[in-house]
file entry36.tsv (TSV, N, CA and C atoms)
chain	number	residue	atom	x	y	z
A	1	MET	N	-23.47	-22.44	51.32
A	1	MET	CA	-22.33	-22.14	50.50
A	1	MET	C	-22.20	-23.21	49.43
A	2	GLN	N	-21.72	-22.84	48.29
A	2	GLN	CA	-21.63	-23.76	47.16
A	2	GLN	C	-20.19	-24.12	46.87
A	3	ASP	N	-20.00	-25.21	46.09
A	3	ASP	CA	-18.66	-25.59	45.64
A	3	ASP	C	-18.08	-24.47	44.79
A	4	ASP	N	-18.90	-24.01	43.85
A	4	ASP	CA	-18.41	-22.96	42.96
A	4	ASP	C	-18.66	-21.60	43.59
A	5	VAL	N	-18.13	-20.59	42.99
A	5	VAL	CA	-18.27	-19.24	43.53
A	5	VAL	C	-19.08	-18.39	42.56
A	6	SER	N	-20.13	-19.00	42.00
A	6	SER	CA	-20.93	-18.32	40.99
A	6	SER	C	-21.72	-17.14	41.54
A	7	ASN	N	-21.98	-17.09	42.85
A	7	ASN	CA	-22.74	-15.98	43.41
A	7	ASN	C	-21.84	-14.92	44.04
A	8	ASN	N	-20.58	-14.88	43.62
A	8	ASN	CA	-19.69	-13.87	44.18
A	8	ASN	C	-19.96	-12.50	43.58
A	9	VAL	N	-19.62	-11.46	44.34
A	9	VAL	CA	-19.78	-10.09	43.84
A	9	VAL	C	-18.46	-9.54	43.34
A	10	ALA	N	-17.37	-10.15	43.77
A	10	ALA	CA	-16.04	-9.75	43.31
A	10	ALA	C	-15.06	-10.86	43.64
A	11	SER	N	-13.95	-10.89	42.93
A	11	SER	CA	-12.89	-11.83	43.24
A	11	SER	C	-11.55	-11.21	42.85
A	12	VAL	N	-10.51	-11.67	43.52
A	12	VAL	CA	-9.16	-11.18	43.27
A	12	VAL	C	-8.24	-12.38	43.19
A	13	GLY	N	-7.55	-12.53	42.07
A	13	GLY	CA	-6.54	-13.56	41.94
A	13	GLY	C	-5.26	-13.09	42.61
A	14	LEU	N	-4.68	-13.91	43.45
A	14	LEU	CA	-3.47	-13.54	44.17
A	14	LEU	C	-2.23	-14.30	43.71
A	15	ALA	N	-2.42	-15.47	43.11
A	15	ALA	CA	-1.27	-16.27	42.71
A	15	ALA	C	-1.62	-17.15	41.53
A	16	ILE	N	-0.60	-17.50	40.76
A	16	ILE	CA	-0.74	-18.44	39.65
A	16	ILE	C	0.50	-19.32	39.63
A	17	ASN	N	0.32	-20.61	39.40
A	17	ASN	CA	1.47	-21.50	39.36
A	17	ASN	C	1.86	-21.81	37.91
A	18	ASP	N	2.89	-22.63	37.74
A	18	ASP	CA	3.39	-22.96	36.40
A	18	ASP	C	2.37	-23.74	35.57
A	19	ASN	N	1.39	-24.37	36.23
A	19	ASN	CA	0.35	-25.12	35.52
A	19	ASN	C	-0.81	-24.24	35.08
A	20	GLY	N	-0.83	-22.97	35.52
A	20	GLY	CA	-1.93	-22.06	35.19
A	20	GLY	C	-3.07	-22.08	36.19
A	21	ASP	N	-2.90	-22.77	37.34
A	21	ASP	CA	-3.90	-22.76	38.40
A	21	ASP	C	-3.82	-21.42	39.12
A	22	ILE	N	-4.98	-20.84	39.45
A	22	ILE	CA	-5.04	-19.53	40.09
A	22	ILE	C	-5.71	-19.67	41.45
A	23	THR	N	-5.19	-18.94	42.44
A	23	THR	CA	-5.82	-18.88	43.76
A	23	THR	C	-6.07	-17.43	44.13
A	24	GLY	N	-6.97	-17.22	45.09
A	24	GLY	CA	-7.27	-15.86	45.53
A	24	GLY	C	-8.39	-15.80	46.52
A	25	ILE	N	-9.09	-14.66	46.49
A	25	ILE	CA	-10.21	-14.40	47.40
A	25	ILE	C	-11.45	-14.08	46.58
A	26	SER	N	-12.56	-14.68	46.94
A	26	SER	CA	-13.85	-14.40	46.33
A	26	SER	C	-14.74	-13.79	47.40
A	27	PHE	N	-15.57	-12.82	47.04
A	27	PHE	CA	-16.44	-12.15	48.00
A	27	PHE	C	-17.90	-12.37	47.60
A	28	ASP	N	-18.73	-12.74	48.58
A	28	ASP	CA	-20.17	-12.75	48.38
A	28	ASP	C	-20.79	-11.98	49.54
A	29	ALA	N	-22.09	-12.03	49.70
A	29	ALA	CA	-22.76	-11.26	50.74
A	29	ALA	C	-22.34	-11.67	52.15
A	30	LEU	N	-21.89	-12.92	52.32
A	30	LEU	CA	-21.47	-13.39	53.64
A	30	LEU	C	-20.04	-13.00	53.98
A	31	GLY	N	-19.22	-12.74	52.99
A	31	GLY	CA	-17.84	-12.37	53.27
A	31	GLY	C	-16.86	-13.04	52.33
A	32	PRO	N	-15.59	-12.99	52.69
A	32	PRO	CA	-14.54	-13.54	51.83
A	32	PRO	C	-14.41	-15.05	51.98
A	33	ARG	N	-13.95	-15.67	50.91
A	33	ARG	CA	-13.64	-17.10	50.94
A	33	ARG	C	-12.54	-17.38	49.93
A	34	ALA	N	-11.70	-18.33	50.27
A	34	ALA	CA	-10.58	-18.70	49.42
A	34	ALA	C	-11.09	-19.49	48.22
A	35	PHE	N	-10.46	-19.27	47.06
A	35	PHE	CA	-10.83	-20.05	45.89
A	35	PHE	C	-9.59	-20.56	45.16
A	36	VAL	N	-9.79	-21.58	44.39
A	36	VAL	CA	-8.81	-22.07	43.43
A	36	VAL	C	-9.53	-22.22	42.10
A	37	ARG	N	-8.87	-21.83	41.02
A	37	ARG	CA	-9.39	-22.06	39.69
A	37	ARG	C	-8.36	-22.88	38.94
A	38	PRO	N	-8.61	-24.20	38.84
A	38	PRO	CA	-7.68	-25.04	38.11
A	38	PRO	C	-7.57	-24.55	36.66
A	39	SER	N	-6.41	-24.71	36.08
A	39	SER	CA	-6.19	-24.27	34.70
A	39	SER	C	-7.28	-24.82	33.79
A	40	GLY	N	-7.99	-23.92	33.11
A	40	GLY	CA	-9.05	-24.32	32.20
A	40	GLY	C	-10.35	-24.71	32.88
A	41	GLY	N	-10.43	-24.60	34.20
A	41	GLY	CA	-11.63	-25.01	34.93
A	41	GLY	C	-12.38	-23.84	35.51
A	42	ASN	N	-13.31	-24.14	36.42
A	42	ASN	CA	-14.11	-23.13	37.10
A	42	ASN	C	-13.56	-22.86	38.49
A	43	MET	N	-13.85	-21.67	39.01
A	43	MET	CA	-13.45	-21.33	40.37
A	43	MET	C	-14.18	-22.22	41.37
A	44	LEU	N	-13.43	-22.71	42.37
A	44	LEU	CA	-14.00	-23.54	43.42
A	44	LEU	C	-13.72	-22.93	44.78
A	45	ASP	N	-14.71	-22.94	45.65
A	45	ASP	CA	-14.54	-22.51	47.03
A	45	ASP	C	-13.70	-23.57	47.74
A	46	LEU	N	-12.53	-23.19	48.26
A	46	LEU	CA	-11.67	-24.16	48.94
A	46	LEU	C	-12.35	-24.76	50.17
A	47	ASN	N	-13.28	-24.04	50.78
A	47	ASN	CA	-13.98	-24.57	51.95
A	47	ASN	C	-14.83	-25.79	51.60
A	48	SER	N	-15.22	-25.92	50.34
A	48	SER	CA	-16.00	-27.09	49.93
A	48	SER	C	-15.12	-28.32	49.77
A	49	LEU	N	-13.80	-28.15	49.84
A	49	LEU	CA	-12.88	-29.26	49.66
A	49	LEU	C	-12.27	-29.76	50.96
A	50	ILE	N	-12.65	-29.14	52.08
A	50	ILE	CA	-12.14	-29.57	53.38
A	50	ILE	C	-13.29	-30.16	54.20
A	51	PRO	N	-12.97	-30.94	55.23
A	51	PRO	CA	-14.04	-31.56	56.03
A	51	PRO	C	-14.99	-30.53	56.65
A	52	ALA	N	-16.25	-30.88	56.74
A	52	ALA	CA	-17.27	-29.98	57.29
A	52	ALA	C	-17.01	-29.61	58.74
A	53	ASP	N	-16.30	-30.46	59.48
A	53	ASP	CA	-16.04	-30.17	60.89
A	53	ASP	C	-14.72	-29.42	61.10
A	54	SER	N	-14.17	-28.85	60.04
A	54	SER	CA	-12.94	-28.09	60.16
A	54	SER	C	-13.11	-26.92	61.13
A	55	GLU	N	-12.09	-26.64	61.89
A	55	GLU	CA	-12.10	-25.52	62.84
A	55	GLU	C	-11.88	-24.18	62.14
A	56	LEU	N	-11.54	-24.21	60.85
A	56	LEU	CA	-11.18	-22.98	60.13
A	56	LEU	C	-12.08	-22.70	58.95
A	57	HIS	N	-12.27	-21.41	58.67
A	57	HIS	CA	-12.91	-20.94	57.44
A	57	HIS	C	-11.79	-20.32	56.60
A	58	LEU	N	-11.52	-20.91	55.45
A	58	LEU	CA	-10.44	-20.44	54.58
A	58	LEU	C	-10.94	-19.22	53.82
A	59	PHE	N	-10.35	-18.05	54.06
A	59	PHE	CA	-10.84	-16.85	53.39
A	59	PHE	C	-9.88	-16.28	52.37
A	60	SER	N	-8.65	-16.75	52.34
A	60	SER	CA	-7.68	-16.25	51.37
A	60	SER	C	-6.75	-17.37	50.95
A	61	ALA	N	-6.49	-17.48	49.66
A	61	ALA	CA	-5.50	-18.42	49.14
A	61	ALA	C	-4.40	-17.57	48.52
A	62	CYS	N	-3.27	-17.47	49.21
A	62	CYS	CA	-2.22	-16.51	48.85
A	62	CYS	C	-1.23	-17.01	47.83
A	63	SER	N	-1.01	-18.33	47.77
A	63	SER	CA	0.01	-18.87	46.87
A	63	SER	C	-0.32	-20.31	46.55
A	64	ILE	N	0.08	-20.75	45.35
A	64	ILE	CA	-0.12	-22.14	44.95
A	64	ILE	C	1.13	-22.62	44.23
A	65	LYS	N	1.62	-23.80	44.62
A	65	LYS	CA	2.80	-24.39	44.00
A	65	LYS	C	2.36	-25.28	42.84
A	66	SER	N	3.31	-25.69	42.02
A	66	SER	CA	3.01	-26.59	40.90
A	66	SER	C	2.47	-27.93	41.38
A	67	ARG	N	2.82	-28.34	42.59
A	67	ARG	CA	2.27	-29.57	43.17
A	67	ARG	C	0.89	-29.34	43.76
A	68	GLU	N	0.32	-28.13	43.53
A	68	GLU	CA	-1.01	-27.73	43.97
A	68	GLU	C	-1.14	-27.55	45.47
A	69	GLU	N	-0.04	-27.38	46.19
A	69	GLU	CA	-0.09	-27.02	47.60
A	69	GLU	C	-0.43	-25.55	47.69
A	70	ILE	N	-1.37	-25.22	48.57
A	70	ILE	CA	-1.86	-23.84	48.69
A	70	ILE	C	-1.61	-23.35	50.11
A	71	ILE	N	-1.08	-22.13	50.22
A	71	ILE	CA	-0.99	-21.49	51.54
A	71	ILE	C	-1.94	-20.30	51.54
A	72	GLY	N	-2.45	-19.99	52.72
A	72	GLY	CA	-3.38	-18.87	52.81
A	72	GLY	C	-3.70	-18.52	54.24
A	73	LEU	N	-4.74	-17.72	54.39
A	73	LEU	CA	-5.19	-17.26	55.69
A	73	LEU	C	-6.61	-17.76	55.96
A	74	ALA	N	-6.89	-18.03	57.23
A	74	ALA	CA	-8.19	-18.54	57.65
A	74	ALA	C	-8.55	-17.89	58.98
A	75	PHE	N	-9.81	-18.03	59.37
A	75	PHE	CA	-10.21	-17.62	60.71
A	75	PHE	C	-11.02	-18.73	61.35
A	76	ASP	N	-11.00	-18.74	62.69
A	76	ASP	CA	-11.77	-19.74	63.42
A	76	ASP	C	-13.10	-19.13	63.86
A	77	ALA	N	-13.90	-19.90	64.56
A	77	ALA	CA	-15.24	-19.45	64.94
A	77	ALA	C	-15.23	-18.29	65.93
A	78	GLN	N	-14.09	-18.04	66.58
A	78	GLN	CA	-13.97	-16.91	67.50
A	78	GLN	C	-13.41	-15.66	66.81
A	79	GLY	N	-13.09	-15.77	65.53
A	79	GLY	CA	-12.56	-14.63	64.78
A	79	GLY	C	-11.06	-14.49	64.81
A	80	ASN	N	-10.35	-15.49	65.34
A	80	ASN	CA	-8.89	-15.47	65.36
A	80	ASN	C	-8.35	-15.88	63.99
A	81	PHE	N	-7.28	-15.22	63.55
A	81	PHE	CA	-6.69	-15.51	62.24
A	81	PHE	C	-5.60	-16.57	62.36
A	82	HIS	N	-5.49	-17.40	61.31
A	82	HIS	CA	-4.51	-18.49	61.26
A	82	HIS	C	-3.98	-18.60	59.84
A	83	GLY	N	-2.75	-19.08	59.71
A	83	GLY	CA	-2.22	-19.46	58.42
A	83	GLY	C	-2.52	-20.93	58.18
A	84	TYR	N	-2.59	-21.35	56.91
A	84	TYR	CA	-2.82	-22.77	56.62
A	84	TYR	C	-2.00	-23.20	55.41
A	85	LEU	N	-1.77	-24.50	55.33
A	85	LEU	CA	-1.18	-25.16	54.17
A	85	LEU	C	-2.16	-26.24	53.76
A	86	ALA	N	-2.71	-26.14	52.56
A	86	ALA	CA	-3.64	-27.14	52.04
A	86	ALA	C	-2.90	-27.98	51.00
A	87	THR	N	-2.95	-29.29	51.18
A	87	THR	CA	-2.32	-30.19	50.23
A	87	THR	C	-3.39	-31.05	49.58
A	88	PRO	N	-3.24	-31.36	48.30
A	88	PRO	CA	-4.26	-32.16	47.60
A	88	PRO	C	-4.39	-33.56	48.19
A	89	SER	N	-5.61	-34.08	48.17
A	89	SER	CA	-5.86	-35.46	48.56
A	89	SER	C	-6.81	-36.06	47.54
A	90	ASN	N	-7.08	-37.32	47.69
A	90	ASN	CA	-7.96	-38.00	46.74
A	90	ASN	C	-9.34	-38.19	47.31
A	91	GLY	N	-10.11	-37.08	47.42
A	91	GLY	CA	-11.52	-37.17	47.80
A	91	GLY	C	-11.81	-37.25	49.28
A	92	ALA	N	-10.83	-37.09	50.15
A	92	ALA	CA	-11.08	-37.23	51.59
A	92	ALA	C	-11.92	-36.11	52.16
A	93	GLY	N	-12.01	-34.99	51.47
A	93	GLY	CA	-12.70	-33.87	52.07
A	93	GLY	C	-13.89	-33.36	51.29
A	94	ASP	N	-14.58	-34.20	50.53
A	94	ASP	CA	-15.73	-33.73	49.75
A	94	ASP	C	-16.87	-33.38	50.68
A	95	SER	N	-17.18	-32.09	50.75
A	95	SER	CA	-18.21	-31.61	51.67
A	95	SER	C	-19.18	-30.70	50.95
A	96	SER	N	-19.66	-31.11	49.79
A	96	SER	CA	-20.41	-30.20	48.93
A	96	SER	C	-21.92	-30.32	49.06
A	97	ASP	N	-22.44	-31.10	50.02
A	97	ASP	CA	-23.90	-31.24	50.11
A	97	ASP	C	-24.52	-30.08	50.89
A	98	ALA	N	-25.83	-30.03	50.91
A	98	ALA	CA	-26.56	-28.92	51.53
A	98	ALA	C	-26.33	-28.87	53.05
A	99	SER	N	-26.20	-30.01	53.71
A	99	SER	CA	-25.99	-29.99	55.15
A	99	SER	C	-24.65	-29.35	55.50
A	100	PHE	N	-23.65	-29.55	54.65
A	100	PHE	CA	-22.35	-28.92	54.84
A	100	PHE	C	-22.49	-27.40	54.85
A	101	ALA	N	-23.26	-26.86	53.93
A	101	ALA	CA	-23.45	-25.41	53.85
A	101	ALA	C	-24.08	-24.88	55.13
A	102	ALA	N	-25.07	-25.57	55.65
A	102	ALA	CA	-25.74	-25.12	56.87
A	102	ALA	C	-24.80	-25.18	58.07
A	103	ILE	N	-24.02	-26.25	58.18
A	103	ILE	CA	-23.09	-26.40	59.29
A	103	ILE	C	-22.06	-25.27	59.27
A	104	ARG	N	-21.43	-25.05	58.13
A	104	ARG	CA	-20.38	-24.03	58.04
A	104	ARG	C	-20.96	-22.64	58.26
A	105	SER	N	-22.13	-22.38	57.71
A	105	SER	CA	-22.74	-21.06	57.85
A	105	SER	C	-23.00	-20.74	59.31
A	106	SER	N	-23.55	-21.68	60.06
A	106	SER	CA	-23.85	-21.41	61.46
A	106	SER	C	-22.59	-21.38	62.31
A	107	ARG	N	-21.61	-22.21	62.02
A	107	ARG	CA	-20.39	-22.27	62.82
A	107	ARG	C	-19.60	-20.98	62.78
A	108	PHE	N	-19.57	-20.33	61.64
A	108	PHE	CA	-18.71	-19.16	61.48
A	108	PHE	C	-19.47	-17.85	61.45
A	109	GLU	N	-20.74	-17.86	61.81
A	109	GLU	CA	-21.52	-16.62	61.80
A	109	GLU	C	-20.94	-15.58	62.76
A	110	TYR	N	-20.52	-16.00	63.95
A	110	TYR	CA	-19.94	-15.06	64.90
A	110	TYR	C	-18.67	-14.43	64.34
A	111	ALA	N	-17.80	-15.25	63.73
A	111	ALA	CA	-16.56	-14.73	63.15
A	111	ALA	C	-16.86	-13.77	62.00
A	112	ARG	N	-17.85	-14.10	61.18
A	112	ARG	CA	-18.23	-13.19	60.09
A	112	ARG	C	-18.76	-11.87	60.64
A	113	LYS	N	-19.51	-11.94	61.75
A	113	LYS	CA	-20.00	-10.71	62.38
A	113	LYS	C	-18.83	-9.86	62.86
A	114	LEU	N	-17.83	-10.48	63.46
A	114	LEU	CA	-16.64	-9.74	63.89
A	114	LEU	C	-15.96	-9.06	62.70
A	115	LEU	N	-15.84	-9.78	61.60
A	115	LEU	CA	-15.22	-9.20	60.40
A	115	LEU	C	-16.05	-8.05	59.85
A	116	ARG	N	-17.38	-8.21	59.82
A	116	ARG	CA	-18.25	-7.12	59.35
A	116	ARG	C	-18.12	-5.90	60.26
A	117	ASP	N	-18.04	-6.14	61.58
A	117	ASP	CA	-17.89	-5.03	62.53
A	117	ASP	C	-16.57	-4.29	62.31
A	118	ARG	N	-15.52	-5.05	62.00
A	118	ARG	CA	-14.19	-4.45	61.81
A	118	ARG	C	-14.03	-3.79	60.45
A	119	PHE	N	-14.58	-4.43	59.40
A	119	PHE	CA	-14.31	-3.98	58.03
A	119	PHE	C	-15.52	-3.53	57.24
A	120	GLY	N	-16.72	-3.65	57.81
A	120	GLY	CA	-17.93	-3.28	57.10
A	120	GLY	C	-18.52	-4.46	56.36
A	121	SER	N	-19.69	-4.24	55.73
A	121	SER	CA	-20.38	-5.30	55.00
A	121	SER	C	-19.63	-5.65	53.74
A	122	PHE	N	-19.69	-6.91	53.37
A	122	PHE	CA	-19.04	-7.39	52.16
A	122	PHE	C	-20.00	-7.29	50.99
A	123	GLY	N	-19.54	-6.78	49.91
A	123	GLY	CA	-20.35	-6.71	48.71
A	123	GLY	C	-21.39	-5.61	48.74
A	124	ALA	N	-21.33	-4.72	49.72
A	124	ALA	CA	-22.31	-3.63	49.80
A	124	ALA	C	-21.59	-2.30	49.63
A	125	GLY	N	-22.01	-1.55	48.67
A	125	GLY	CA	-21.44	-0.22	48.46
A	125	GLY	C	-20.19	-0.25	47.61
A	126	PRO	N	-19.68	0.93	47.30
A	126	PRO	CA	-18.52	1.03	46.43
A	126	PRO	C	-17.23	0.63	47.15
A	127	VAL	N	-16.26	0.24	46.36
A	127	VAL	CA	-14.95	-0.09	46.89
A	127	VAL	C	-14.23	1.22	47.21
A	128	ARG	N	-13.63	1.27	48.39
A	128	ARG	CA	-12.91	2.48	48.79
A	128	ARG	C	-11.52	2.50	48.17
A	129	GLN	N	-11.14	3.62	47.63
A	129	GLN	CA	-9.80	3.80	47.06
A	129	GLN	C	-8.89	4.39	48.11
A	130	ARG	N	-7.64	4.01	48.10
A	130	ARG	CA	-6.65	4.59	49.02
A	130	ARG	C	-5.81	5.60	48.31
call {"tool": "encode", "arguments": {"input": "entry36.tsv", "output": "structure tokens"}}
result
Amino acid sequence: MQDDVSNNVASVGLAINDNGDITGISFDALGPRAFVRPSGGNMLDLNSLIPADSELHLFSACSIKSREEIIGLAFDAQGNFHGYLATPSNGAGDSSDASFAAIRSSRFEYARKLLRDRFGSFGAGPVRQR
């Protein structure tokens, strides 16, 4: 997984704050992931900003305050859903190297399989209309 979400197949902005920062969900072949796009910047995978040993995979960023606090939804390695509050820090969670990607990919593969079983493959086929 990368810091940026350049290999996404779709994304949805869910919130914008007074500073123009946007949060939402980005989709790639592996599934959903939470993103933030700072005003005037590029979209970033929020999972790249938290420690590699985190128990959660952040898949949705639902709201962002002007102080850049983000709330959203996450799942753990067993596929259980959780809410989270992410607050900015000064570099404590930089996890953007290649080993981080391998660790997170293997840790949450079971949970991604559960999501694919429940909702189908991500990024494959047309979007269903309701």
call {"tool": "axis_aligned_box", "arguments": {"input": "entry36.tsv", "around": "stretch 35-43 of chain A", "padding_each_side": "5 Å", "output": "AutoDock Vina command-line options"}}
result
--center_x -10.2 --center_y -22.2 --center_z 39.6 --size_x 18.0 --size_y 15.8 --size_z 24.9
call {"tool": "atom_distance", "arguments": {"input": "entry36.tsv", "atom1": "atom CA of A:Gly20", "atom2": "atom CA of A:Ile64"}}
result
9.9 Å
call {"tool": "atom_distance", "arguments": {"input": "entry36.tsv", "atom1": "atom C of A:Ala10", "atom2": "atom C of A:Asp28"}}
result
8.3 Å
call {"tool": "closest_residue", "arguments": {"input": "entry36.tsv", "among": "A:Ile22, A:Val9, A:Ile71, A:Leu85", "to": "A:Leu44", "atoms": "only C-alpha atoms"}}
result
A:Ile22
call {"tool": "select_by_dssp", "arguments": {"input": "entry36.tsv", "residues": "stretch 59-95 of chain A", "states": "strand (DSSP E)", "output": "mmCIF file with N, CA and C atoms, keeping the file's coordinate frame"}}
result
data_model
loop_
_atom_site.group_PDB
_atom_site.id
_atom_site.type_symbol
_atom_site.label_atom_id
_atom_site.label_comp_id
_atom_site.auth_asym_id
_atom_site.auth_seq_id
_atom_site.Cartn_x
_atom_site.Cartn_y
_atom_site.Cartn_z
ATOM 1 N N PHE A 59 -10.350 -18.050 54.060
ATOM 2 C CA PHE A 59 -10.840 -16.850 53.390
ATOM 3 C C PHE A 59 -9.880 -16.280 52.370
ATOM 4 N N SER A 60 -8.650 -16.750 52.340
ATOM 5 C CA SER A 60 -7.680 -16.250 51.370
ATOM 6 C C SER A 60 -6.750 -17.370 50.950
ATOM 7 N N ALA A 61 -6.490 -17.480 49.660
ATOM 8 C CA ALA A 61 -5.500 -18.420 49.140
ATOM 9 C C ALA A 61 -4.400 -17.570 48.520
ATOM 10 N N CYS A 62 -3.270 -17.470 49.210
ATOM 11 C CA CYS A 62 -2.220 -16.510 48.850
ATOM 12 C C CYS A 62 -1.230 -17.010 47.830
ATOM 13 N N SER A 63 -1.010 -18.330 47.770
ATOM 14 C CA SER A 63 0.010 -18.870 46.870
ATOM 15 C C SER A 63 -0.320 -20.310 46.550
ATOM 16 N N ILE A 64 0.080 -20.750 45.350
ATOM 17 C CA ILE A 64 -0.120 -22.140 44.950
ATOM 18 C C ILE A 64 1.130 -22.620 44.230
ATOM 19 N N ILE A 70 -1.370 -25.220 48.570
ATOM 20 C CA ILE A 70 -1.860 -23.840 48.690
ATOM 21 C C ILE A 70 -1.610 -23.350 50.110
ATOM 22 N N ILE A 71 -1.080 -22.130 50.220
ATOM 23 C CA ILE A 71 -0.990 -21.490 51.540
ATOM 24 C C ILE A 71 -1.940 -20.300 51.540
ATOM 25 N N GLY A 72 -2.450 -19.990 52.720
ATOM 26 C CA GLY A 72 -3.380 -18.870 52.810
ATOM 27 C C GLY A 72 -3.700 -18.520 54.240
ATOM 28 N N LEU A 73 -4.740 -17.720 54.390
ATOM 29 C CA LEU A 73 -5.190 -17.260 55.690
ATOM 30 C C LEU A 73 -6.610 -17.760 55.960
ATOM 31 N N ALA A 74 -6.890 -18.030 57.230
ATOM 32 C CA ALA A 74 -8.190 -18.540 57.650
ATOM 33 C C ALA A 74 -8.550 -17.890 58.980
ATOM 34 N N PHE A 75 -9.810 -18.030 59.370
ATOM 35 C CA PHE A 75 -10.210 -17.620 60.710
ATOM 36 C C PHE A 75 -11.020 -18.730 61.350
ATOM 37 N N ASP A 76 -11.000 -18.740 62.690
ATOM 38 C CA ASP A 76 -11.770 -19.740 63.420
ATOM 39 C C ASP A 76 -13.100 -19.130 63.860
ATOM 40 N N PHE A 81 -7.280 -15.220 63.550
ATOM 41 C CA PHE A 81 -6.690 -15.510 62.240
ATOM 42 C C PHE A 81 -5.600 -16.570 62.360
ATOM 43 N N HIS A 82 -5.490 -17.400 61.310
ATOM 44 C CA HIS A 82 -4.510 -18.490 61.260
ATOM 45 C C HIS A 82 -3.980 -18.600 59.840
ATOM 46 N N GLY A 83 -2.750 -19.080 59.710
ATOM 47 C CA GLY A 83 -2.220 -19.460 58.420
ATOM 48 C C GLY A 83 -2.520 -20.930 58.180
ATOM 49 N N TYR A 84 -2.590 -21.350 56.910
ATOM 50 C CA TYR A 84 -2.820 -22.770 56.620
ATOM 51 C C TYR A 84 -2.000 -23.200 55.410
ATOM 52 N N LEU A 85 -1.770 -24.500 55.330
ATOM 53 C CA LEU A 85 -1.180 -25.160 54.170
ATOM 54 C C LEU A 85 -2.160 -26.240 53.760
ATOM 55 N N ALA A 86 -2.710 -26.140 52.560
ATOM 56 C CA ALA A 86 -3.640 -27.140 52.040
ATOM 57 C C ALA A 86 -2.900 -27.980 51.000
#
